[in-house]
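S.K.: Contents are PDB, C-alpha atoms; file name target_9.pdb:
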```pdb
ATOM      1  CA  MET P  24       4.895  11.392  25.129
ATOM      2  CA  LYS P  25       4.912   7.994  26.790
ATOM      3  CA  ALA P  26       4.709   4.708  24.978
ATOM      4  CA  GLY P  27       1.108   4.003  24.103
ATOM      5  CA  THR P  28      -1.078   3.568  21.046
ATOM      6  CA  ILE P  29       0.081   4.776  17.669
ATOM      7  CA  ILE P  30      -2.287   4.661  14.738
ATOM      8  CA  LEU P  31      -0.633   3.360  11.609
ATOM      9  CA  ALA P  32      -2.314   5.086   8.690
ATOM     10  CA  THR P  33      -2.539   2.148   6.317
ATOM     11  CA  ARG P  34      -4.761  -0.820   5.516
ATOM     12  CA  ASN P  35      -1.815  -2.799   4.183
ATOM     13  CA  LYS P  36      -1.631  -5.811   6.488
ATOM     14  CA  GLY P  37       1.957  -6.519   5.483
ATOM     15  CA  LYS P  38       3.068  -3.073   6.593
ATOM     16  CA  ILE P  39       1.113  -3.319   9.851
ATOM     17  CA  LEU P  40       2.750  -6.647  10.702
ATOM     18  CA  GLU P  41       6.235  -5.325   9.945
ATOM     19  CA  LEU P  42       5.818  -2.127  11.942
ATOM     20  CA  ARG P  43       3.934  -3.721  14.827
ATOM     21  CA  THR P  44       6.838  -6.119  15.350
ATOM     22  CA  THR P  45       9.385  -3.293  15.385
ATOM     23  CA  LEU P  46       7.423  -0.825  17.509
ATOM     24  CA  ALA P  47       6.309  -3.430  20.049
ATOM     25  CA  GLY P  48       9.908  -3.699  21.203
ATOM     26  CA  PHE P  49       9.703  -0.087  22.299
ATOM     27  CA  GLY P  50       6.428  -0.486  24.197
ATOM     28  CA  PHE P  51       4.058   0.855  21.538
ATOM     29  CA  ASP P  52       0.764  -0.728  20.570
ATOM     30  CA  VAL P  53       0.258  -0.289  16.842
ATOM     31  CA  GLN P  54      -3.261  -0.199  15.459
ATOM     32  CA  GLY P  55      -4.359   0.220  11.872
ATOM     33  CA  ILE P  56      -6.955   2.737  10.783
ATOM     34  CA  PRO P  57     -10.615   1.687  11.120
ATOM     35  CA  ASP P  58     -12.195  -0.124   8.194
ATOM     36  CA  ASP P  59     -14.558   2.786   7.550
ATOM     37  CA  PHE P  60     -11.822   5.418   7.539
ATOM     38  CA  PRO P  61     -12.054   7.351   4.245
ATOM     39  CA  GLU P  62      -9.296   7.029   1.683
ATOM     40  CA  THR P  63      -6.721   9.796   1.836
ATOM     41  CA  GLU P  64      -5.657  11.232  -1.489
ATOM     42  CA  GLU P  65      -1.917  10.818  -1.865
ATOM     43  CA  ASN P  66      -1.245  13.786  -4.129
ATOM     44  CA  GLY P  67       2.239  14.666  -2.918
ATOM     45  CA  ALA P  68       5.173  14.814  -5.304
ATOM     46  CA  THR P  69       7.550  13.047  -2.895
ATOM     47  CA  PHE P  70       7.477  10.163  -0.424
ATOM     48  CA  GLU P  71       7.806  12.671   2.461
ATOM     49  CA  GLU P  72       4.847  14.758   1.315
ATOM     50  CA  ASN P  73       2.614  11.703   0.996
ATOM     51  CA  ALA P  74       3.671  10.312   4.393
ATOM     52  CA  LEU P  75       2.819  13.629   6.082
ATOM     53  CA  ILE P  76      -0.525  13.867   4.271
ATOM     54  CA  LYS P  77      -1.586  10.403   5.445
ATOM     55  CA  ALA P  78      -0.318  10.806   9.022
ATOM     56  CA  ARG P  79      -1.979  14.218   9.508
ATOM     57  CA  ALA P  80      -5.310  12.966   8.170
ATOM     58  CA  ALA P  81      -5.346  10.037  10.629
ATOM     59  CA  ALA P  82      -4.102  12.032  13.626
ATOM     60  CA  GLU P  83      -6.699  14.769  13.219
ATOM     61  CA  ALA P  84      -9.610  12.425  12.518
ATOM     62  CA  LEU P  85      -8.852   9.943  15.326
ATOM     63  CA  GLY P  86      -7.297  12.245  17.918
ATOM     64  CA  MET P  87      -4.218  10.058  18.445
ATOM     65  CA  PRO P  88      -0.601  10.168  17.328
ATOM     66  CA  ALA P  89      -0.431   8.655  13.876
ATOM     67  CA  ALA P  90       2.427   7.299  11.832
ATOM     68  CA  ALA P  91       2.391   6.820   8.098
ATOM     69  CA  ASP P  92       4.900   5.737   5.564
ATOM     70  CA  ASP P  93       5.124   6.277   1.888
ATOM     71  CA  SER P  94       7.446   3.943   0.123
ATOM     72  CA  GLY P  95       8.197   2.649  -3.293
ATOM     73  CA  LEU P  96      10.633   1.143  -5.721
ATOM     74  CA  GLU P  97      13.105   3.212  -7.723
ATOM     75  CA  VAL P  98      14.622   1.445 -10.749
ATOM     76  CA  ASP P  99      17.619   3.181 -12.266
ATOM     77  CA  ALA P 100      17.038   1.858 -15.786
ATOM     78  CA  LEU P 101      13.551   3.397 -15.663
ATOM     79  CA  GLY P 102      14.745   6.806 -14.512
ATOM     80  CA  GLY P 103      13.625   6.174 -10.930
ATOM     81  CA  ALA P 104      10.164   4.837 -11.838
ATOM     82  CA  PRO P 105       7.806   3.674 -10.519
ATOM     83  CA  GLY P 106       8.746   5.833  -7.485
ATOM     84  CA  VAL P 107       5.802   7.473  -5.724
ATOM     85  CA  LEU P 108       3.490   5.689  -8.179
ATOM     86  CA  SER P 109       4.699   2.227  -7.130
ATOM     87  CA  ALA P 110       1.348   1.084  -5.730
ATOM     88  CA  ARG P 111      -0.494   2.376  -8.811
ATOM     89  CA  TYR P 112       2.122   1.460 -11.398
ATOM     90  CA  SER P 113      -0.069  -0.892 -13.417
ATOM     91  CA  ASP P 114      -3.324   1.070 -13.240
ATOM     92  CA  ASP P 115      -3.060   1.597 -17.006
ATOM     93  CA  MET P 116      -2.987  -2.154 -17.674
ATOM     94  CA  PRO P 117      -5.924  -4.561 -17.898
ATOM     95  CA  ALA P 118      -5.985  -7.129 -15.139
ATOM     96  CA  VAL P 119      -5.578 -10.827 -15.830
ATOM     97  CA  GLU P 120      -8.244 -13.012 -14.241
ATOM     98  CA  GLY P 121      -7.169 -14.100 -10.772
ATOM     99  CA  GLU P 122      -4.209 -11.712 -10.743
ATOM    100  CA  SER P 123      -3.656  -9.544  -7.669
ATOM    101  CA  LYS P 124      -2.667  -5.874  -7.864
ATOM    102  CA  ASP P 125       0.841  -6.737  -6.647
ATOM    103  CA  GLU P 126       1.164  -9.409  -9.338
ATOM    104  CA  ARG P 127       0.033  -6.961 -12.012
ATOM    105  CA  ASN P 128       2.553  -4.350 -10.849
ATOM    106  CA  ASN P 129       5.300  -6.974 -10.954
ATOM    107  CA  ARG P 130       4.230  -8.090 -14.433
ATOM    108  CA  LYS P 131       4.452  -4.544 -15.749
ATOM    109  CA  LEU P 132       7.858  -4.049 -14.155
ATOM    110  CA  LEU P 133       9.217  -7.205 -15.807
ATOM    111  CA  GLU P 134       7.811  -6.104 -19.159
ATOM    112  CA  GLN P 135       9.437  -2.683 -18.833
ATOM    113  CA  LEU P 136      12.797  -4.274 -17.987
ATOM    114  CA  ALA P 137      12.643  -7.121 -20.509
ATOM    115  CA  ASP P 138      15.490  -5.738 -22.637
ATOM    116  CA  VAL P 139      17.627  -4.456 -19.745
ATOM    117  CA  PRO P 140      20.710  -6.656 -19.127
ATOM    118  CA  ASP P 141      21.324  -8.212 -15.733
ATOM    119  CA  GLY P 142      24.145  -5.827 -14.852
ATOM    120  CA  SER P 143      21.933  -2.769 -15.361
ATOM    121  CA  ARG P 144      18.920  -3.690 -13.204
ATOM    122  CA  SER P 145      19.949  -1.826 -10.041
ATOM    123  CA  ALA P 146      17.133  -0.548  -7.867
ATOM    124  CA  ARG P 147      16.266   0.473  -4.358
ATOM    125  CA  PHE P 148      13.293   0.520  -2.070
ATOM    126  CA  ARG P 149      12.886   3.938  -0.474
ATOM    127  CA  CYS P 150      10.701   4.764   2.526
ATOM    128  CA  CYS P 151       9.757   7.950   4.333
ATOM    129  CA  MET P 152       8.054   7.738   7.752
ATOM    130  CA  ALA P 153       6.139  10.555   9.405
ATOM    131  CA  LEU P 154       4.846  10.660  12.995
ATOM    132  CA  VAL P 155       2.275  13.379  13.621
ATOM    133  CA  TRP P 156       0.382  14.508  16.727
ATOM    134  CA  PRO P 157      -3.209  15.757  16.603
ATOM    135  CA  GLY P 158      -3.521  19.515  16.578
ATOM    136  CA  ASP P 159       0.206  19.799  15.820
ATOM    137  CA  GLU P 160       0.847  19.450  19.560
ATOM    138  CA  PHE P 161       4.459  18.655  18.666
ATOM    139  CA  PRO P 162       6.383  19.117  15.425
ATOM    140  CA  PRO P 163       6.192  16.044  13.194
ATOM    141  CA  ILE P 164       9.044  13.565  13.172
ATOM    142  CA  VAL P 165      10.193  12.561   9.704
ATOM    143  CA  SER P 166      12.732   9.854   8.839
ATOM    144  CA  SER P 167      13.751   7.909   5.780
ATOM    145  CA  GLY P 168      15.595   4.791   4.687
ATOM    146  CA  ALA P 169      16.797   3.120   1.492
ATOM    147  CA  TRP P 170      17.476  -0.530   0.645
ATOM    148  CA  GLU P 171      19.762  -1.113  -2.349
ATOM    149  CA  GLY P 172      19.398  -4.142  -4.581
ATOM    150  CA  SER P 173      18.483  -5.243  -8.091
ATOM    151  CA  ILE P 174      15.526  -6.603 -10.030
ATOM    152  CA  LEU P 175      15.382 -10.270 -11.044
ATOM    153  CA  ARG P 176      13.803 -11.634 -14.223
ATOM    154  CA  ALA P 177      11.283 -13.813 -12.367
ATOM    155  CA  PRO P 178       9.724 -13.732  -8.902
ATOM    156  CA  ARG P 179      11.098 -15.809  -6.017
ATOM    157  CA  GLY P 180       9.620 -16.415  -2.583
ATOM    158  CA  THR P 181       6.216 -16.221  -0.950
ATOM    159  CA  ASN P 182       6.843 -13.905   2.010
ATOM    160  CA  GLY P 183       6.510 -10.150   1.872
ATOM    161  CA  PHE P 184       4.329  -8.151  -0.480
ATOM    162  CA  GLY P 185       4.515  -5.668  -3.337
ATOM    163  CA  TYR P 186       7.707  -5.949  -5.370
ATOM    164  CA  ASP P 187       9.465  -8.132  -2.780
ATOM    165  CA  PRO P 188       9.521 -11.285  -4.973
ATOM    166  CA  LEU P 189      11.527  -9.461  -7.662
ATOM    167  CA  PHE P 190      13.883  -7.475  -5.426
ATOM    168  CA  LEU P 191      17.220  -9.166  -4.771
ATOM    169  CA  ASP P 192      19.058  -8.239  -1.573
ATOM    170  CA  PRO P 193      22.771  -8.475  -2.479
ATOM    171  CA  GLU P 194      23.957  -9.136   1.070
ATOM    172  CA  SER P 195      21.890 -12.270   1.597
ATOM    173  CA  GLY P 196      21.379 -13.364  -2.009
ATOM    174  CA  LEU P 197      17.660 -13.641  -1.221
ATOM    175  CA  THR P 198      14.677 -11.706  -2.462
ATOM    176  CA  GLY P 199      12.546  -9.594  -0.158
ATOM    177  CA  ALA P 200       9.981 -12.393  -0.368
ATOM    178  CA  GLU P 201      12.481 -15.069   0.693
ATOM    179  CA  LEU P 202      13.676 -13.266   3.811
ATOM    180  CA  THR P 203      11.942 -13.903   7.121
ATOM    181  CA  ARG P 204      10.081 -10.968   8.672
ATOM    182  CA  GLU P 205      12.893 -10.528  11.192
ATOM    183  CA  GLN P 206      15.565 -10.570   8.482
ATOM    184  CA  LYS P 207      13.645  -8.118   6.366
ATOM    185  CA  ASN P 208      13.033  -5.722   9.254
ATOM    186  CA  GLY P 209      16.755  -5.758   9.986
ATOM    187  CA  ARG P 210      17.793  -4.477   6.557
ATOM    188  CA  SER P 211      14.769  -3.026   4.780
ATOM    189  CA  HIS P 212      14.075   0.593   3.905
ATOM    190  CA  ARG P 213      11.055   0.577   6.228
ATOM    191  CA  GLY P 214      12.985  -0.967   9.100
ATOM    192  CA  GLN P 215      15.677   1.703   8.713
ATOM    193  CA  ALA P 216      13.092   4.503   8.665
ATOM    194  CA  VAL P 217      11.267   3.157  11.733
ATOM    195  CA  ARG P 218      14.453   2.810  13.762
ATOM    196  CA  LEU P 219      15.520   6.353  12.877
ATOM    197  CA  MET P 220      12.045   7.644  13.739
ATOM    198  CA  LEU P 221      12.274   5.976  17.149
ATOM    199  CA  GLU P 222      15.749   7.410  17.747
ATOM    200  CA  LYS P 223      14.433  10.900  17.015
ATOM    201  CA  LEU P 224      11.399  10.298  19.236
ATOM    202  CA  ARG P 225      13.531   9.024  22.113
ATOM    203  CA  ALA P 226      15.851  12.046  21.861
ATOM    204  CA  ARG P 227      12.924  14.427  21.874
ATOM    205  CA  MET P 228      11.332  12.719  24.872
ATOM    206  CA  GLU P 229      14.604  12.973  26.788
ATOM    207  CA  GLU P 230      14.647  16.700  26.060
ATOM    208  CA  GLY P 231      11.052  16.979  27.317
ATOM    209  CA  LYS P 232       9.795  18.127  23.929
ATOM    210  CA  ALA P 233       7.410  15.263  23.277
TER     211      ALA P 233
END
```
Now that the file is in, can you turn its structure into structure tokens?
M.R.:
Amino acid sequence: MKAGTIILATRNKGKILELRTTLAGFGFDVQGIPDDFPETEENGATFEENALIKARAAAEALGMPAAADDSGLEVDALGGAPGVLSARYSDDMPAVEGESKDERNNRKLLEQLADVPDGSRSARFRCCMALVWPGDEFPPIVSSGAWEGSILRAPRGTNGFGYDPLFLDPESGLTGAELTREQKNGRSHRGQAVRLMLEKLRARMEEGKA
């Protein structure tokens, strides 16, 4: 496989921007799925299962290599929740007028951790990436990454998306929403997973198996 177009099986503009920046350095043109592409049911029990489900659906429907990630936040004090349900964490809560889905998820997380002391709020972002070819022309490439940190008591920063404003990166002392895109790509769970995916892809291409 030569560098070309890879479909990124998501409508999340934040993810597309992050991955487009990373993959462009390797000669790939990243495109999101079309607006009319049907929703894919993410019914896997793990991040890897969901990533493969989304990537296979896009690759088969569009006839191009497709990459998908499934990622989420694991909070130790909550037994690893919200985990694979991170994007849907607050579906059981009524929305506040003018509140985005990300803001509602963050509000629920803060409520769940209200009585947890500062020294016990460890957490990590975890990501699994899957790259799939249409018709299973080649075996899928799967990679993962984890970003360790902790959860603050109030949001900080306006960059990023999801739980970024509450997630403190211990190395920089900044939240995921205070880091620049380049800084975040350099240390995040998704950046780690993408770089590992590209290493595996490069090795396979050198062996003539992709």
S.K.: Within 8 Å of (0.7, 10.4, 16.7), only C-alpha atoms: residues as a PDB file with C-alpha atoms, in the frame of the given file?
M.R.:
```pdb
ATOM      1  CA  ILE P  29       0.081   4.776  17.669  1.00  0.00           C
ATOM      2  CA  ILE P  30      -2.287   4.661  14.738  1.00  0.00           C
ATOM      3  CA  ALA P  78      -0.318  10.806   9.022  1.00  0.00           C
ATOM      4  CA  ALA P  82      -4.102  12.032  13.626  1.00  0.00           C
ATOM      5  CA  MET P  87      -4.218  10.058  18.445  1.00  0.00           C
ATOM      6  CA  PRO P  88      -0.601  10.168  17.328  1.00  0.00           C
ATOM      7  CA  ALA P  89      -0.431   8.655  13.876  1.00  0.00           C
ATOM      8  CA  ALA P  90       2.427   7.299  11.832  1.00  0.00           C
ATOM      9  CA  LEU P 154       4.846  10.660  12.995  1.00  0.00           C
ATOM     10  CA  VAL P 155       2.275  13.379  13.621  1.00  0.00           C
ATOM     11  CA  TRP P 156       0.382  14.508  16.727  1.00  0.00           C
ATOM     12  CA  PRO P 157      -3.209  15.757  16.603  1.00  0.00           C
TER      13      PRO P 157
END
```
S.K.: If you count only C-alpha atoms, which residues fall within 10 Å of segment 54-62 of chain P, apart from same-chain ones fewer than 6 positions away, as a ChimeraX atom specification?
M.R.: /P:28-36,38-40,42-43,77,80-81,84-85,89-90
S.K.: Could you turn the residues from that selection into a file that holds C-alpha atoms, as a compact mmCIF listing (two decimals), in the frame of the given file?
M.R.:
```txt
# COMPACT_ATOMS: atom_id res chain seq x y z
CA THR P 28 -1.08 3.57 21.05
CA ILE P 29 0.08 4.78 17.67
CA ILE P 30 -2.29 4.66 14.74
CA LEU P 31 -0.63 3.36 11.61
CA ALA P 32 -2.31 5.09 8.69
CA THR P 33 -2.54 2.15 6.32
CA ARG P 34 -4.76 -0.82 5.52
CA ASN P 35 -1.82 -2.80 4.18
CA LYS P 36 -1.63 -5.81 6.49
CA LYS P 38 3.07 -3.07 6.59
CA ILE P 39 1.11 -3.32 9.85
CA LEU P 40 2.75 -6.65 10.70
CA LEU P 42 5.82 -2.13 11.94
CA ARG P 43 3.93 -3.72 14.83
CA LYS P 77 -1.59 10.40 5.44
CA ALA P 80 -5.31 12.97 8.17
CA ALA P 81 -5.35 10.04 10.63
CA ALA P 84 -9.61 12.42 12.52
CA LEU P 85 -8.85 9.94 15.33
CA ALA P 89 -0.43 8.65 13.88
CA ALA P 90 2.43 7.30 11.83
```
S.K.: Show me, as a list of chain:residue names, the residues that have an atom within 10 Å of Asp114 of chain P when counting only C-alpha atoms, minus same-chain residues fewer than 3 positions from it.
M.R.: P:Leu108, P:Ala110, P:Arg111, P:Pro117, P:Ala118, P:Lys124, P:Arg127, P:Asn128, P:Lys131
S.K.: What is the distance, in Å and to one decimal place, between atom CA of Glu122 of chain P and atom CA of Pro105 of chain P?
M.R.: 19.5 Å
S.K.: Taking all atoms of segment 157-173 of chain P that the file lists and extending 6 Å past them on each side, where is the centre of the axis-aligned box and how long are its edges? Answer in Å to one decimal, as AutoDock Vina command-line options.
M.R.:
```
--center_x 8.1 --center_y 7.3 --center_z 5.7 --size_x 35.3 --size_y 37.0 --size_z 39.7
```
S.K.: Run the PyMOL selection byres ((chain P and resi 194) around 12) on the file and write out the hits as number ranges by chain.
M.R.: P: 170-173, 191-193, 195-199, 202, 206-207, 209-211
S.K.: Which residue is closest to Arg204 of chain P? Choose from P:Leu46, P:Asn182, P:Gly95, P:Asp125 and count only C-alpha atoms.
M.R.: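 Looking only at the distances to Arg204 of chain P, the closest residue turns out to be P:Asn182.
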S.K.: What is the distance between atom CA of Thr63 of chain P and atom CA of His212 of chain P, in Å to one decimal?
M.R.: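 For atom CA of Thr63 of chain P relative to atom CA of His212 of chain P, the distance reads 22.8 Å.
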S.K.: May I ask which of the residues P:Pro140, P:Gly67, P:Gly27, P:Gly86 is the closest one to Ala47 of chain P, counting only C-alpha atoms?
M.R.: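 Nearest candidate to Ala47 of chain P out of P:Pro140, P:Gly67, P:Gly27, P:Gly86: P:Gly27.
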S.K.: So, counting all atoms listed in the file, which residue among P:Glu41, P:Asp141, P:Asp159, P:Glu83 is closest to Arg213 of chain P?
M.R.: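 Smallest separation from Arg213 of chain P among the options: P:Glu41.
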S.K.: Quick one: of P:Val107, P:Glu229, P:Glu201, P:Phe51, who's nearest to Asn66 of chain P, counting all atoms listed in the file?
M.R.: P:Val107
S.K.: Taking the file as shown, find all residues satisfying the PyMOL selection byres ((chain P and resi 93) around 6) and write them as a PyMOL selection string.
M.R.: chain P and resi 70+74+92+94+150-151
S.K.: When the PyMOL selection byres ((chain P and resi 133) around 10) is applied to the structure above, which residues does it catch, written out as a PyMOL selection string?
M.R.: chain P and resi 127-132+134-139+174-178+189
S.K.: Filtering to C-alpha atoms, could segment 150-214 of chain P of the supplied structure be written out as a short mmCIF file (atom, residue, chain, number, x, y, z; two decimals), in the first residue's frame?
M.R.:
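What ended up in decode_32.cif:
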```cif
data_model
loop_
_atom_site.label_atom_id
_atom_site.label_comp_id
_atom_site.auth_asym_id
_atom_site.auth_seq_id
_atom_site.Cartn_x
_atom_site.Cartn_y
_atom_site.Cartn_z
CA CYS P 150 -7.26 4.67 22.67
CA CYS P 151 -7.36 1.75 20.27
CA MET P 152 -6.81 2.37 16.53
CA ALA P 153 -7.74 -0.04 13.77
CA LEU P 154 -6.79 0.21 10.08
CA VAL P 155 -8.83 -2.04 7.81
CA TRP P 156 -8.76 -2.73 4.07
CA PRO P 157 -11.90 -3.41 2.04
CA GLY P 158 -12.57 -7.07 1.43
CA ASP P 159 -9.97 -7.96 4.07
CA GLU P 160 -7.30 -7.56 1.38
CA PHE P 161 -4.76 -7.37 4.20
CA PRO P 162 -5.06 -8.27 7.88
CA PRO P 163 -6.14 -5.30 10.00
CA ILE P 164 -3.56 -3.30 11.89
CA VAL P 165 -4.46 -2.64 15.51
CA SER P 166 -2.58 -0.40 17.95
CA SER P 167 -3.26 1.23 21.28
CA GLY P 168 -2.04 3.97 23.58
CA ALA P 169 -2.67 5.30 27.08
CA TRP P 170 -2.21 8.76 28.61
CA GLU P 171 -1.96 8.85 32.41
CA GLY P 172 -3.19 11.80 34.42
CA SER P 173 -5.80 12.88 36.95
CA ILE P 174 -9.18 14.60 37.09
CA LEU P 175 -9.48 18.20 38.30
CA ARG P 176 -12.42 19.66 40.22
CA ALA P 177 -13.21 22.28 37.57
CA PRO P 178 -12.55 22.59 33.84
CA ARG P 179 -9.58 24.55 32.47
CA GLY P 180 -8.79 25.52 28.89
CA THR P 181 -10.69 25.93 25.65
CA ASN P 182 -8.75 23.68 23.26
CA GLY P 183 -9.50 20.02 22.73
CA PHE P 184 -12.82 18.28 23.23
CA GLY P 185 -14.54 15.68 25.38
CA TYR P 186 -13.03 15.37 28.85
CA ASP P 187 -9.90 17.37 27.95
CA PRO P 188 -10.76 20.37 30.18
CA LEU P 189 -10.82 18.15 33.28
CA PHE P 190 -7.84 15.91 32.49
CA LEU P 191 -4.56 17.09 33.99
CA ASP P 192 -1.35 16.03 32.25
CA PRO P 193 1.21 15.64 35.08
CA GLU P 194 4.25 16.26 32.88
CA SER P 195 3.18 19.70 31.69
CA GLY P 196 0.85 20.70 34.52
CA LEU P 197 -1.73 21.59 31.86
CA THR P 198 -5.08 20.09 31.00
CA GLY P 199 -5.75 18.44 27.66
CA ALA P 200 -7.67 21.59 26.77
CA GLU P 201 -4.75 23.89 27.60
CA LEU P 202 -2.20 22.06 25.46
CA THR P 203 -1.69 23.10 21.85
CA ARG P 204 -2.66 20.56 19.19
CA GLU P 205 1.02 19.79 18.60
CA GLN P 206 1.69 19.30 22.32
CA LYS P 207 -1.33 17.09 22.70
CA ASN P 208 -0.46 14.94 19.69
CA GLY P 209 3.01 14.43 21.14
CA ARG P 210 1.79 12.86 24.38
CA SER P 211 -1.84 11.82 24.01
CA HIS P 212 -3.28 8.32 23.90
CA ARG P 213 -4.45 8.91 20.32
CA GLY P 214 -1.09 10.25 19.21
#
```
